[in-house]
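Asks: Encoded as structure tokens, here's the structure I'll be asking about.
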Amino acid sequence: MTGRLMLLDTASLYFRAYFGVPDSVRAPDGTPVNAVRGLLDFIDRLVKDHRPDRLVACMDADWRPQWRVDLIPSYKAHRVAEEHEAGPDAEEVPDTLAPQVPVIEEVLDAVGIARVGVEGYEADDVIGTFTARADGPVDIVTGDRDLYQLVDDERGIRVLYPLKGVGTLQLTDEAVLREKYGTGGRGYADLALLRGDPSDGLPGVPGIGEKTAAKLLAEFGDLAGIVAAAEDPEAKLTPTQRKRLTEAGPYLAVAPKVVRVADDVPLPDVDTALPHAPRDPAGLDALAARWGLGGSLQRLLTTLER
């Protein structure tokens, strides 16, 4: 896979579109389509500004994989709206957003933008695997800081983090990460699991915040070095830090598997080339009329033609 690849953390972007575009943006029948139109506007702006050669809308086929829950039961537990014994639990999603997701999927498919979700994995894992396989530069568009762990200047991998819509993006490279967090992409996952993340139900190590985690990583290199230091009475740790790290041993043993994105997802064979004409023009026309996609869709199609 050569050329510049852009990977969209699609759910992250349509959530932002939903909350950033008024719900007065509606289809002819009165159904809100603010997330649909907002996402199309986002993609249009991203393609205009960054001109990727290839584009993939990465999806959460399973937003809370059981293999992660088995390791850390609190993982995203507070976001479960409904438990399902036979399949993935339902995520808590605003009532007027949930019906827009299938529309988003249909529109992306009709436009011809590759859309990839793999059973048992989150979009982050799909992004991680595409990134691992890429031969050229990669732009990852996400509002989720977890994906900072993939930033790699040597390989040309950066995260485009929306600060306001997608018109104002933080172009996140190793320098930005070191300035903000004291570590590069490779160390970010270790920093994240040490400090914890309430939004994902990750407890972290009590008493170890972001600054302390960064100092420990600077001193001992990585999580393995920190764990080894906690077991070494000669290592330069305060008694409190040593106690906290030792007591957190069971968590630290499993957290890396949960926090680090997978890079070995069985991806389907898809055409990731940026489309220059709709894959299904008639189907797209029907969707545009049914949902009143108007200027948002037309602008994107005009941009893709160039």
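Each chain in the structure tokens gets a letter, A, B, ..., in the order shown, and its residues are numbered from 1; ligands are numbered from 1 in order too.
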Show me, as an mmCIF file with all heavy atoms, in the first residue's frame, the residues that have an atom within 8 Å of Gly292 in chain A when counting only C-alpha atoms, minus same-chain residues fewer than 2 positions from it.

Replies:
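Generated file (out01.cif):
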data_model
loop_
_atom_site.group_PDB
_atom_site.id
_atom_site.type_symbol
_atom_site.label_atom_id
_atom_site.label_comp_id
_atom_site.auth_asym_id
_atom_site.auth_seq_id
_atom_site.Cartn_x
_atom_site.Cartn_y
_atom_site.Cartn_z
ATOM 1 N N ARG A 26 -32.105 18.521 8.897
ATOM 2 C CA ARG A 26 -32.985 17.357 8.822
ATOM 3 C C ARG A 26 -33.274 16.942 7.382
ATOM 4 O O ARG A 26 -33.142 17.725 6.445
ATOM 5 C CB ARG A 26 -34.306 17.645 9.554
ATOM 6 C CG ARG A 26 -34.099 17.846 11.046
ATOM 7 C CD ARG A 26 -35.343 18.219 11.802
ATOM 8 N NE ARG A 26 -35.042 18.324 13.235
ATOM 9 C CZ ARG A 26 -35.456 17.462 14.144
ATOM 10 N NH1 ARG A 26 -36.222 16.431 13.796
ATOM 11 N NH2 ARG A 26 -35.126 17.603 15.414
ATOM 12 N N ALA A 27 -33.703 15.681 7.246
ATOM 13 C CA ALA A 27 -34.144 15.144 5.966
ATOM 14 C C ALA A 27 -35.523 15.731 5.641
ATOM 15 O O ALA A 27 -36.175 16.332 6.507
ATOM 16 C CB ALA A 27 -34.220 13.625 6.051
ATOM 17 N N PRO A 28 -35.993 15.550 4.401
ATOM 18 C CA PRO A 28 -37.317 16.070 4.039
ATOM 19 C C PRO A 28 -38.437 15.583 4.955
ATOM 20 O O PRO A 28 -39.425 16.313 5.150
ATOM 21 C CB PRO A 28 -37.504 15.550 2.607
ATOM 22 C CG PRO A 28 -36.122 15.470 2.056
ATOM 23 C CD PRO A 28 -35.278 15.025 3.219
ATOM 24 N N LEU A 287 -30.261 8.041 -2.160
ATOM 25 C CA LEU A 287 -29.937 8.389 -0.769
ATOM 26 C C LEU A 287 -29.948 9.900 -0.571
ATOM 27 O O LEU A 287 -30.439 10.404 0.449
ATOM 28 C CB LEU A 287 -28.567 7.818 -0.385
ATOM 29 C CG LEU A 287 -28.488 6.301 -0.199
ATOM 30 C CD1 LEU A 287 -27.028 5.838 -0.160
ATOM 31 C CD2 LEU A 287 -29.204 5.882 1.088
ATOM 32 N N ALA A 288 -29.409 10.626 -1.535
ATOM 33 C CA ALA A 288 -29.357 12.088 -1.436
ATOM 34 C C ALA A 288 -30.757 12.674 -1.372
ATOM 35 O O ALA A 288 -31.026 13.601 -0.586
ATOM 36 C CB ALA A 288 -28.592 12.669 -2.620
ATOM 37 N N ALA A 289 -31.673 12.121 -2.185
ATOM 38 C CA ALA A 289 -33.057 12.612 -2.182
ATOM 39 C C ALA A 289 -33.777 12.211 -0.909
ATOM 40 O O ALA A 289 -34.487 13.026 -0.297
ATOM 41 C CB ALA A 289 -33.791 12.072 -3.412
ATOM 42 N N ARG A 290 -33.589 10.960 -0.495
ATOM 43 C CA ARG A 290 -34.295 10.447 0.690
ATOM 44 C C ARG A 290 -33.889 11.203 1.949
ATOM 45 O O ARG A 290 -34.726 11.522 2.797
ATOM 46 C CB ARG A 290 -33.984 8.945 0.839
ATOM 47 C CG ARG A 290 -34.353 8.322 2.186
ATOM 48 C CD ARG A 290 -35.857 8.164 2.328
ATOM 49 N NE ARG A 290 -36.214 7.539 3.586
ATOM 50 C CZ ARG A 290 -36.351 8.175 4.741
ATOM 51 N NH1 ARG A 290 -36.124 9.491 4.799
ATOM 52 N NH2 ARG A 290 -36.713 7.537 5.845
ATOM 53 N N GLY A 294 -28.076 17.200 0.017
ATOM 54 C CA GLY A 294 -27.810 18.502 -0.582
ATOM 55 C C GLY A 294 -26.357 18.851 -0.811
ATOM 56 O O GLY A 294 -25.567 18.075 -1.350
#

Asks: I want to know what sits within 8 Å of range 33-39 of chain A, based on only C-alpha atoms, with residues of the same chain fewer than 5 positions away left out; could you give that as JSON, numbers by chain?

Replies: {"A": [13, 14, 15, 16, 17, 18, 19, 20, 21, 22, 23, 24, 25, 26, 27, 97, 100, 101, 103, 104, 291, 293, 296, 297]}

Asks: Could those selected residues go to a file with N, CA and C atoms, as a PDB file, in the first residue's frame?

Replies:
ATOM      1  N   LEU A  13     -15.475  10.716  14.511  1.00  0.00           N
ATOM      2  CA  LEU A  13     -15.806  11.874  13.683  1.00  0.00           C
ATOM      3  C   LEU A  13     -17.304  12.100  13.591  1.00  0.00           C
ATOM      4  N   TYR A  14     -18.100  11.021  13.489  1.00  0.00           N
ATOM      5  CA  TYR A  14     -19.542  11.293  13.394  1.00  0.00           C
ATOM      6  C   TYR A  14     -20.139  11.701  14.743  1.00  0.00           C
ATOM      7  N   PHE A  15     -19.528  11.286  15.849  1.00  0.00           N
ATOM      8  CA  PHE A  15     -19.957  11.818  17.147  1.00  0.00           C
ATOM      9  C   PHE A  15     -19.688  13.321  17.197  1.00  0.00           C
ATOM     10  N   ARG A  16     -18.522  13.740  16.725  1.00  0.00           N
ATOM     11  CA  ARG A  16     -18.196  15.162  16.727  1.00  0.00           C
ATOM     12  C   ARG A  16     -19.127  15.935  15.797  1.00  0.00           C
ATOM     13  N   ALA A  17     -19.432  15.323  14.655  1.00  0.00           N
ATOM     14  CA  ALA A  17     -20.358  15.974  13.730  1.00  0.00           C
ATOM     15  C   ALA A  17     -21.731  16.125  14.361  1.00  0.00           C
ATOM     16  N   TYR A  18     -22.173  15.081  15.050  1.00  0.00           N
ATOM     17  CA  TYR A  18     -23.497  15.088  15.681  1.00  0.00           C
ATOM     18  C   TYR A  18     -23.614  16.221  16.705  1.00  0.00           C
ATOM     19  N   PHE A  19     -22.582  16.397  17.511  1.00  0.00           N
ATOM     20  CA  PHE A  19     -22.636  17.430  18.544  1.00  0.00           C
ATOM     21  C   PHE A  19     -22.238  18.804  18.020  1.00  0.00           C
ATOM     22  N   GLY A  20     -21.593  18.839  16.829  1.00  0.00           N
ATOM     23  CA  GLY A  20     -21.143  20.115  16.288  1.00  0.00           C
ATOM     24  C   GLY A  20     -22.086  20.744  15.284  1.00  0.00           C
ATOM     25  N   VAL A  21     -22.996  19.937  14.724  1.00  0.00           N
ATOM     26  CA  VAL A  21     -23.942  20.438  13.724  1.00  0.00           C
ATOM     27  C   VAL A  21     -25.338  20.426  14.347  1.00  0.00           C
ATOM     28  N   PRO A  22     -26.098  21.494  14.262  1.00  0.00           N
ATOM     29  CA  PRO A  22     -27.421  21.552  14.908  1.00  0.00           C
ATOM     30  C   PRO A  22     -28.348  20.440  14.415  1.00  0.00           C
ATOM     31  N   ASP A  23     -29.184  19.930  15.313  1.00  0.00           N
ATOM     32  CA  ASP A  23     -30.105  18.865  14.888  1.00  0.00           C
ATOM     33  C   ASP A  23     -31.285  19.430  14.092  1.00  0.00           C
ATOM     34  N   SER A  24     -31.241  20.733  13.836  1.00  0.00           N
ATOM     35  CA  SER A  24     -32.228  21.314  12.922  1.00  0.00           C
ATOM     36  C   SER A  24     -31.910  20.958  11.467  1.00  0.00           C
ATOM     37  N   VAL A  25     -30.731  20.386  11.229  1.00  0.00           N
ATOM     38  CA  VAL A  25     -30.375  19.890   9.897  1.00  0.00           C
ATOM     39  C   VAL A  25     -31.074  18.548   9.730  1.00  0.00           C
ATOM     40  N   ARG A  26     -32.105  18.521   8.897  1.00  0.00           N
ATOM     41  CA  ARG A  26     -32.985  17.357   8.822  1.00  0.00           C
ATOM     42  C   ARG A  26     -33.274  16.942   7.382  1.00  0.00           C
ATOM     43  N   ALA A  27     -33.703  15.681   7.246  1.00  0.00           N
ATOM     44  CA  ALA A  27     -34.144  15.144   5.966  1.00  0.00           C
ATOM     45  C   ALA A  27     -35.523  15.731   5.641  1.00  0.00           C
ATOM     46  N   LEU A  97     -28.867   9.938  17.098  1.00  0.00           N
ATOM     47  CA  LEU A  97     -27.652   9.594  16.355  1.00  0.00           C
ATOM     48  C   LEU A  97     -27.705   8.156  15.840  1.00  0.00           C
ATOM     49  N   GLN A 100     -28.809   7.373  12.395  1.00  0.00           N
ATOM     50  CA  GLN A 100     -28.019   7.985  11.325  1.00  0.00           C
ATOM     51  C   GLN A 100     -26.820   7.139  10.913  1.00  0.00           C
ATOM     52  N   VAL A 101     -26.408   6.220  11.795  1.00  0.00           N
ATOM     53  CA  VAL A 101     -25.209   5.426  11.505  1.00  0.00           C
ATOM     54  C   VAL A 101     -25.396   4.541  10.270  1.00  0.00           C
ATOM     55  N   VAL A 103     -27.270   5.099   7.774  1.00  0.00           N
ATOM     56  CA  VAL A 103     -27.304   6.011   6.628  1.00  0.00           C
ATOM     57  C   VAL A 103     -25.874   6.394   6.235  1.00  0.00           C
ATOM     58  N   ILE A 104     -25.056   6.702   7.234  1.00  0.00           N
ATOM     59  CA  ILE A 104     -23.649   7.022   6.985  1.00  0.00           C
ATOM     60  C   ILE A 104     -22.972   5.878   6.235  1.00  0.00           C
ATOM     61  N   TRP A 291     -32.602  11.508   2.060  1.00  0.00           N
ATOM     62  CA  TRP A 291     -32.103  12.089   3.304  1.00  0.00           C
ATOM     63  C   TRP A 291     -31.758  13.564   3.190  1.00  0.00           C
ATOM     64  N   LEU A 293     -29.357  15.278   1.443  1.00  0.00           N
ATOM     65  CA  LEU A 293     -27.929  15.473   1.708  1.00  0.00           C
ATOM     66  C   LEU A 293     -27.361  16.701   1.008  1.00  0.00           C
ATOM     67  N   SER A 296     -23.784  19.181   1.112  1.00  0.00           N
ATOM     68  CA  SER A 296     -22.716  18.427   1.773  1.00  0.00           C
ATOM     69  C   SER A 296     -22.197  17.323   0.867  1.00  0.00           C
ATOM     70  N   LEU A 297     -23.105  16.566   0.280  1.00  0.00           N
ATOM     71  CA  LEU A 297     -22.702  15.484  -0.609  1.00  0.00           C
ATOM     72  C   LEU A 297     -22.118  16.038  -1.902  1.00  0.00           C
TER      73      LEU A 297
END

Asks: With distances taken over only C-alpha atoms, which residue among A:Asp70, A:Asp9, A:Asp190, A:Asp49 lies nearest Gly117 in chain A?

Replies: A:Asp9

Asks: CA of Ser74 in chain A and CA of Gly225 in chain A are how many Å apart?

Replies: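 Interatomic distance here is 26.0 Å.
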